[in-house]
Structure formats: C-alpha cells, structure tokens
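Novice: Below is one structure. I have some questions about it.
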Amino acid sequence: MNPYLHAFGAWVPKRVVTNSELAERLGCTPEWIENASGIRERRWATATTSIVDLGAEAALACMARAGLSASEIGLVVLASGSAPPGFPAPAAALAARLGLGTTPAIDLPMASAGSLFGLALASRLAETYGNVLVVAAEKMSAIIERHPLDPNTAMLFGDGAGAALVSDRPGKWQIMGHVLHSDGQFSTDLAYDWNFPLHMNGLSVILQATRKMPAAIKEVLERAEISATDISVFLLHQANQNLLVRVGKTLGVAPERVFSNISRYGNTSSASMLIAAAEWSEQAPVPGPIVFAAFGAGVHWGALVAK
Amino acid sequence: MPDTRERLRAVVEKVAEKRVPQDPDESLFESGLLDSFMLPDLVSAIEEEFTIKIPDSDLNPRKFDSLSRMEAYLAR
C-alpha cells in the first residue's frame, strides 16, 4: 500500500533581511533584486543558530500538526546542503534534540532537491519504520557571509527549515508515485565547498531547471495517469519566481496553481519546498492531487504526486 | 532556403525581439541581447526550427552563446 503524507511544519528565523539592506552591501538596487528573482526579503539566522536548531523547530511544528509524540517517530531523514562539513552530519543530533532516543536518523547532504529525495525515500521506508519524519534545514547565510558577497548569489538565499510526516497509516494525502534523477555532468555549475565562494553558472542552472523540472512532473503524472490541469497545487522548490512561472507555463496550468512564497523567504534550498507545503496546508487548501518537484545542485531533480 | 546561420539569426531575433549583431562570434549573453531566462526559449526555438531534440547532455550554455557556436553545434 502506498504511504501517506500527514502533516507539514516550517520555521524561519526572526531576522528579516530586506532587498534594501542587501542592495546597499551588494552595490545594486532593491528593484534589480526583485526583478531578477521575485525576492523582496529573506530571513537570516543568528551566527550561533545551527542546522539542528532550525530543523528542530520545523520538526516540532510538524509533529504537533500530525498529533505525534517523539516516541511514535520511527525514522528521521534530514536534508541539508549547508550543514558544516565533517562528521557526524546533523541528523543524529536532531533526533536527540527531539527526544527520539535511539530512533535511526539518516542524513541527506543534498541542497535544493534534498527534501524531495527525502520524501521519496520516506515513501519507501514507511512500510518498515512507520512514521518517518522528513526534515530539511538550511543556513545559507553562513555560506553567503563566509566570503566576499557576490550579488548574483547573495541576493537569492535565505535560512529556514521545513518538515513533513510520511507514514504507512492512512492520512490526508496518499503518495501515488515519484521520479528521481541525477546527472553529475553538470555538478560544477552549482557548487560550494566552504573554501571558495558559492559558484553558480546561472545560465546553465536555469536552462537545466526549466527543462528538467517540468519533464519530471510530466513523467510522474503520466505514470499516475493524472493530468497536470487536475492538480490542485504545485509545491515546487522556491528557487526563483521567474522559474516558477516558467514551469507553470510549460505545464499549461494556471499561475495560481503554482504556490509561491519566495518573495518573503528567498531561496532556502532544500527547506523551501517543505516551507511552501507547510504554508499552503495552513491556508484551507483546495482539495485534489498535489505535486512536489525540485531541482538542485548535483544536479538532482525529481517530482512526487499525492492525492 | 536561408542557410543555417540566417535561420539561427531569425530564431534569436524572434526570442530576443531585437536585432542580432552582425558579428557571428559575439556573445549573445555578454552583449545583453539575451538574458538567462531567454536561453530555455532559445533552445526550444532551435528545436522547433530545425525539427530536432537537443538532448540533456548537450544543455551547455556555451553551445548557444553565439551564432557561430550554435551553427557549429548543429553541424556536428
């Protein structure tokens, strides 16, 4: 039996970094940032806030909405592309912070597509582990502030965390299928190693994303025998407003079906898709099938459909 | 029938809604004629004009940077 999505949770830091504040440091205008990305502001965490701090807040919000206590979680999957390098990666510490005892915790050291891959893995592991908590937490400001600011990347990113509860128990949305893809041929076009500033070949990333995300969505919908026009909402990685619009146009769906909150949070990498899901689920969502999709560094991309 | 370069020029001008510089080696992006979100449109328009499917492995922006580079790519 296919597993179910039960609830979502999200958390963003309190500090709002407006385009005006950033533009002054970047030597550009607030309007240029908004026109290029659709972003008006983003949240940046304090210097002492960790990936575990961010992820725990979103996880607790998700568990509360799902009505679950720590003892009922069977597995944690934590995606983060901005966790500090070295080991251990933060999943075990997150599980400990949540009071999960010896519950297994898996790290996905993936950036923007991490939460999508986490949901896909959870959909297969729920049969064994029951309630699987998928968390994505990113502190992109740590990457941005570590090096001289590059206007083309510094304007994009924000901090935050999202979470989802996947379970073999019946719930709100049954997962109907997913597709995942990776292609290392373009791995250097979007990369960061903590020693040098984040490198992004914008032309390549946009070209790849605008073709691969709609293709993955079409692929998963064909398998599930669902038309794109029947989807109530597309919950996509919030990379750039112009990209969200492009994906909607390629799929031939009304713009309002493509959920967007990038104007307020910027690109929070792997967290963005689940933050979007958490906000959407709080807004009395229109019933019907939902689609998740993401594209990110690697490159990794894919889509998942539930109804 | 126009040659490949002229067909490419027409494709670029349709996507950019501007005249393309005469120099076939001039970067269409560095010159500001095209921006990053026009590149996917350009690739799709080339596929349509030349009735081809450009594989994912060829989605390298350098191949579409100038008229001469696009011409070389199509001549492979």
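Numbering starts fresh at 1 for the residues of each chain in the structure tokens, the chains themselves are lettered A, B, ... in the order given, and ligands are numbered from 1 as they appear.
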Just the strand (DSSP E) stuff from segment 48-222 of chain A, please, per backbone DSSP, written as an mmCIF file with C-alpha atoms, in the first residue's frame.
Specialist:
```
data_model
loop_
_atom_site.group_PDB
_atom_site.id
_atom_site.type_symbol
_atom_site.label_atom_id
_atom_site.label_comp_id
_atom_site.auth_asym_id
_atom_site.auth_seq_id
_atom_site.Cartn_x
_atom_site.Cartn_y
_atom_site.Cartn_z
ATOM 1 C CA LEU A 75 12.830 7.251 11.409
ATOM 2 C CA VAL A 76 14.227 10.726 10.769
ATOM 3 C CA VAL A 77 15.598 11.875 7.407
ATOM 4 C CA LEU A 78 17.428 15.218 7.472
ATOM 5 C CA ALA A 79 18.352 17.000 4.243
ATOM 6 C CA ALA A 105 18.373 9.131 11.634
ATOM 7 C CA ILE A 106 19.659 9.482 8.088
ATOM 8 C CA ASP A 107 21.486 12.479 6.625
ATOM 9 C CA LEU A 108 20.963 13.580 3.049
ATOM 10 C CA VAL A 132 9.021 8.868 9.010
ATOM 11 C CA LEU A 133 9.865 12.482 9.791
ATOM 12 C CA VAL A 134 11.459 14.244 6.820
ATOM 13 C CA VAL A 135 13.226 17.476 7.749
ATOM 14 C CA ALA A 136 15.118 19.933 5.554
ATOM 15 C CA ALA A 137 17.125 22.690 7.242
ATOM 16 C CA GLU A 138 19.381 25.263 5.648
ATOM 17 C CA LYS A 139 21.545 28.089 6.918
ATOM 18 C CA ASP A 159 17.615 30.446 6.009
ATOM 19 C CA GLY A 160 14.821 28.204 7.241
ATOM 20 C CA ALA A 161 13.545 24.701 7.773
ATOM 21 C CA GLY A 162 10.616 22.578 6.714
ATOM 22 C CA ALA A 163 9.318 19.171 7.733
ATOM 23 C CA ALA A 164 6.858 16.537 6.592
ATOM 24 C CA LEU A 165 5.449 13.436 8.224
ATOM 25 C CA VAL A 166 5.167 10.370 5.977
ATOM 26 C CA SER A 167 3.502 7.266 7.365
ATOM 27 C CA TRP A 173 -2.635 12.670 1.006
ATOM 28 C CA GLN A 174 -1.691 9.261 -0.348
ATOM 29 C CA ILE A 175 1.601 9.252 -2.227
ATOM 30 C CA MET A 176 0.886 7.924 -5.724
ATOM 31 C CA GLY A 177 4.451 7.848 -7.035
ATOM 32 C CA HIS A 178 7.691 9.678 -7.577
ATOM 33 C CA VAL A 179 10.538 10.032 -10.057
ATOM 34 C CA LEU A 180 14.117 10.895 -9.138
ATOM 35 C CA HIS A 181 17.012 11.762 -11.422
ATOM 36 C CA SER A 182 20.657 12.807 -11.024
ATOM 37 C CA LEU A 190 26.292 24.888 -8.913
ATOM 38 C CA ALA A 191 28.773 24.028 -6.209
ATOM 39 C CA HIS A 199 29.807 29.059 -7.674
ATOM 40 C CA MET A 200 26.698 29.256 -9.800
#
```
Novice: Any chance you could tabulate, as a Markdown table, the residues of chain B at most 6 Å from chain A with each one's nearest atom pair and distance in Å to one decimal, using only C-alpha atoms, in chain and rising number order?
Specialist:
```
| residue | atom | partner | partner_atom | distance |
| --- | --- | --- | --- | --- |
| B:Ser36 | CA | A:Leu203 | CA | 5.0 |
| B:Pro40 | CA | A:Leu207 | CA | 5.3 |
| B:Pro61 | CA | A:Ser204 | CA | 5.7 |
```
Novice: Taking the chain letters and numbering used in this document, name the residues of segment 33-240 of chain A that DSSP puts in helix (DSSP H, G or I), as a VMD selection string.
Specialist: chain A and resid 33 to 37 51 to 66 70 to 72 91 to 97 114 to 129 140 to 145 151 to 154 184 to 189 202 to 224 228 to 230
Novice: Quote the spacing between atom CA of Pro151 of chain A and atom CA of Gly27 of chain A in Å to one decimal place.
Specialist: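 These atoms are spaced 7.8 Å apart.
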Novice: Using only C-alpha atoms, can you tell me which of A:Met213, A:Ala10, A:Val305, A:Leu26 comes closest to Met155 of chain A?
Specialist: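 Checking each candidate against Met155 of chain A, we get A:Leu26 as the closest.
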Novice: Identify, on the basis of only C-alpha atoms, every residue whose closest approach to Trp44 of chain A does not exceed 6 Å; exclude the query and any residue fewer than 6 positions from it along the same chain; express the result as a VMD selection string.
Specialist: chain A and resid 15 141 158 to 159
Novice: Please list as a PyMOL selection string every residue within 9 Å of Leu28 of chain B, counting only C-alpha atoms and excluding residues in the same chain fewer than 2 positions away.
Specialist: chain B and resi 12+20-21+25-26+30-35+64-67
Novice: Record the distance separating atom CA of Asp150 of chain A and atom CA of Thr268 of chain A, expressed in Å with one decimal.
Specialist: 17.0 Å
Novice: Between A:Leu94, A:Cys28, A:Ala303, A:Met140, which residue has the minimum interatomic distance to Glu222 of chain A, considering only C-alpha atoms?
Specialist: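 Closest to Glu222 of chain A of all the choices is A:Ala303.
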